[in-house]
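Below is one structure; the comments refer to it alone.
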Amino acid sequence: MENSDKKVRKAAIVVHSGTVDKVMSALIIGNGALAMGLECTLFFTFWGLSALRKEKLNSLPLSRMNFFGLGRIMMSKIMRKHNVATPRRLLKDYKELGGKIIACEMTMSLMKIKESQLDESLIDSYGTVGSFVYEAKDAQITLFI
Amino acid sequence: MENSDKKVRKAAIVVHSGTVDKVMSALIIGNGALAMGLECTLFFTFWGLSALRKEKLNSLPLSRMNFFGLGRIMMSKIMRKHNVATPRRLLKDYKELGGKIIACEMTMSLMKIKESQLDESLIDSYGTVGSFVYEAKDAQITLFI
Amino acid sequence: MENSDKKVRKAAIVVHSGTVDKVMSALIIGNGALAMGLECTLFFTFWGLSALRKEKLNSLPLSRMNFFGLGRIMMSKIMRKHNVATPRRLLKDYKELGGKIIACEMTMSLMKIKESQLDESLIDSYGTVGSFVYEAKDAQITLFI
């Protein structure tokens, strides 16, 4: 629990938002942290957990701020052209790099999300905010996205 | 000021957003941190401080992302059914657990919020961003919500 | 790289949002951190980087949450009246205080932002998420705005 000497650095990130730009940012930062040797836990809650449902992952909304006229289809085209991975691909990489995902139990209850609606190969555990705090209290990088 | 040896762990959270989902997340994380023995400071600023006004606390807007058709009334019903506390109740618990709240003076000036519009039993101090940085520089968990 | 003994405290902040309230918050927190002797790195990405384009800096949109009827012009008037600096002024102060800015290369590619559209006196380097993680892993304050 003490990380003063044996420094395994860690990132703990709350994924509260469900827009494709925010979910992508969370995964890109998570993958970057893992690639640089840190541990990483993503705590999916509220709209973030909702976006993780199997039927939603391919159709996440952009945030409201698409004022440059970048709609979703345009954005997908540009992403493909520039070899930016999709959220689904980023998630796969995240798990392969050893990233951990906690699904928020309160959100599942509030939004009536069933375990069967989530991809069980992605979820490491179902937990409360305590699970996030437990990881975050020893993490160097903590973010709310 | 140095927390290298006598580790009292701490969370310092900026509450910038004023939607009910974000204010609830801030309070749920704050309460979780306090319940696990950490200290916690919430720095309410911009829309977050605006949401803390006495007449607003019971009618916080959902974020724009209510695309599953969860309006505020529906959300309240579901929250009651699942025993999820309201923002007002979460605030009460937060204070009883020893949580600290700083109200942003710049926001009060910008948005013409008067001390009399805030519940004085909630506010520990009125401060600038320096008050937040002072807490955050020794905190293990720092979030911007 | 180890900051256990020689404590130079540091803040590392992702600026993902491009609304004036969020960009201002990032800069105000950054300036506060610098003024209190911390180092600070802002990693501008997505809408945050888009807002940093020279032609955008004076016309950043407010977040959608302007439900108290504070439009941009009104907000600017109030800010002037209360001596709150504009984003452009805050950026100037940030640089003069020694703050560091990294522009996200992936975003430049995705959103077709050219180096010539950014003010080169502001940008210290162009980097990937790895540049952010490198700074953040030794930072006491990490935020996603």
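Labels for the structure tokens follow display order: chains A, B, ..., residues from 1 in each chain, ligands from 1.
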Just need the residues of chain B within 6 Å of chain A, counting only C-alpha atoms, so spit them out as a list in words. Gly32, Gln140, Ile141 and Leu143 of chain B
Return as a PyMOL selection string the full set of residues in range 105-141 of chain C whose backbone-based DSSP assignment is strand (DSSP E). chain C and resi 125-127+141
Write the selection just made, keeping N, CA, C and O atoms, as a compact mmCIF listing (two decimals), in the first residue's frame?
```
# COMPACT_ATOMS: atom_id res chain seq x y z
N SER C 125 6.81 22.56 -27.12
CA SER C 125 7.10 21.40 -27.95
C SER C 125 5.82 20.77 -28.47
O SER C 125 4.73 21.05 -27.98
N TYR C 126 5.99 19.97 -29.49
CA TYR C 126 4.90 19.20 -30.07
C TYR C 126 5.13 17.77 -29.61
O TYR C 126 6.26 17.27 -29.73
N GLY C 127 4.10 17.15 -29.06
CA GLY C 127 4.37 15.82 -28.51
C GLY C 127 3.17 14.90 -28.53
O GLY C 127 2.05 15.30 -28.86
N ILE C 141 0.17 17.42 -8.84
CA ILE C 141 -1.16 17.84 -9.29
C ILE C 141 -1.34 17.40 -10.74
O ILE C 141 -0.61 17.85 -11.62
```
Contacts of range 95-103 of chain C at 6 Å or less, counting only C-alpha atoms, minus same-chain residues fewer than 2 places along, as a PDB file with N, CA and C atoms, in the first residue's frame?
```
ATOM      1  N   CYS C  40       4.929  23.772 -14.059  1.00  0.00           N
ATOM      2  CA  CYS C  40       3.633  23.422 -14.651  1.00  0.00           C
ATOM      3  C   CYS C  40       3.755  23.139 -16.141  1.00  0.00           C
ATOM      4  N   THR C  41       3.113  22.054 -16.565  1.00  0.00           N
ATOM      5  CA  THR C  41       3.011  21.733 -17.988  1.00  0.00           C
ATOM      6  C   THR C  41       1.548  21.607 -18.371  1.00  0.00           C
ATOM      7  N   LEU C  42       1.144  22.333 -19.419  1.00  0.00           N
ATOM      8  CA  LEU C  42      -0.206  22.177 -19.978  1.00  0.00           C
ATOM      9  C   LEU C  42      -0.084  21.420 -21.295  1.00  0.00           C
ATOM     10  N   PHE C  43      -0.825  20.326 -21.405  1.00  0.00           N
ATOM     11  CA  PHE C  43      -0.837  19.529 -22.642  1.00  0.00           C
ATOM     12  C   PHE C  43      -2.140  19.831 -23.372  1.00  0.00           C
ATOM     13  N   PHE C  44      -2.062  20.634 -24.425  1.00  0.00           N
ATOM     14  CA  PHE C  44      -3.268  21.029 -25.162  1.00  0.00           C
ATOM     15  C   PHE C  44      -3.610  19.984 -26.215  1.00  0.00           C
ATOM     16  N   LYS C  92      -0.189  34.832 -21.633  1.00  0.00           N
ATOM     17  CA  LYS C  92       1.027  35.633 -21.595  1.00  0.00           C
ATOM     18  C   LYS C  92       1.669  35.525 -20.194  1.00  0.00           C
ATOM     19  N   ASP C  93       0.826  35.704 -19.170  1.00  0.00           N
ATOM     20  CA  ASP C  93       1.331  35.573 -17.800  1.00  0.00           C
ATOM     21  C   ASP C  93       1.909  34.178 -17.567  1.00  0.00           C
ATOM     22  N   ILE C 123       4.226  27.779 -27.734  1.00  0.00           N
ATOM     23  CA  ILE C 123       4.425  26.323 -27.738  1.00  0.00           C
ATOM     24  C   ILE C 123       5.873  25.961 -27.431  1.00  0.00           C
ATOM     25  N   ASP C 124       6.080  25.135 -26.404  1.00  0.00           N
ATOM     26  CA  ASP C 124       7.431  24.678 -26.090  1.00  0.00           C
ATOM     27  C   ASP C 124       7.799  23.447 -26.892  1.00  0.00           C
ATOM     28  N   SER C 125       6.806  22.556 -27.116  1.00  0.00           N
ATOM     29  CA  SER C 125       7.104  21.396 -27.946  1.00  0.00           C
ATOM     30  C   SER C 125       5.820  20.771 -28.466  1.00  0.00           C
ATOM     31  N   TYR C 126       5.986  19.973 -29.494  1.00  0.00           N
ATOM     32  CA  TYR C 126       4.898  19.198 -30.068  1.00  0.00           C
ATOM     33  C   TYR C 126       5.131  17.772 -29.611  1.00  0.00           C
TER      34      TYR C 126
END
```
Can you tell me how far CA of Asp119 in chain B sits from CA of Asn58 in chain B, in Å to one decimal? 13.2 Å
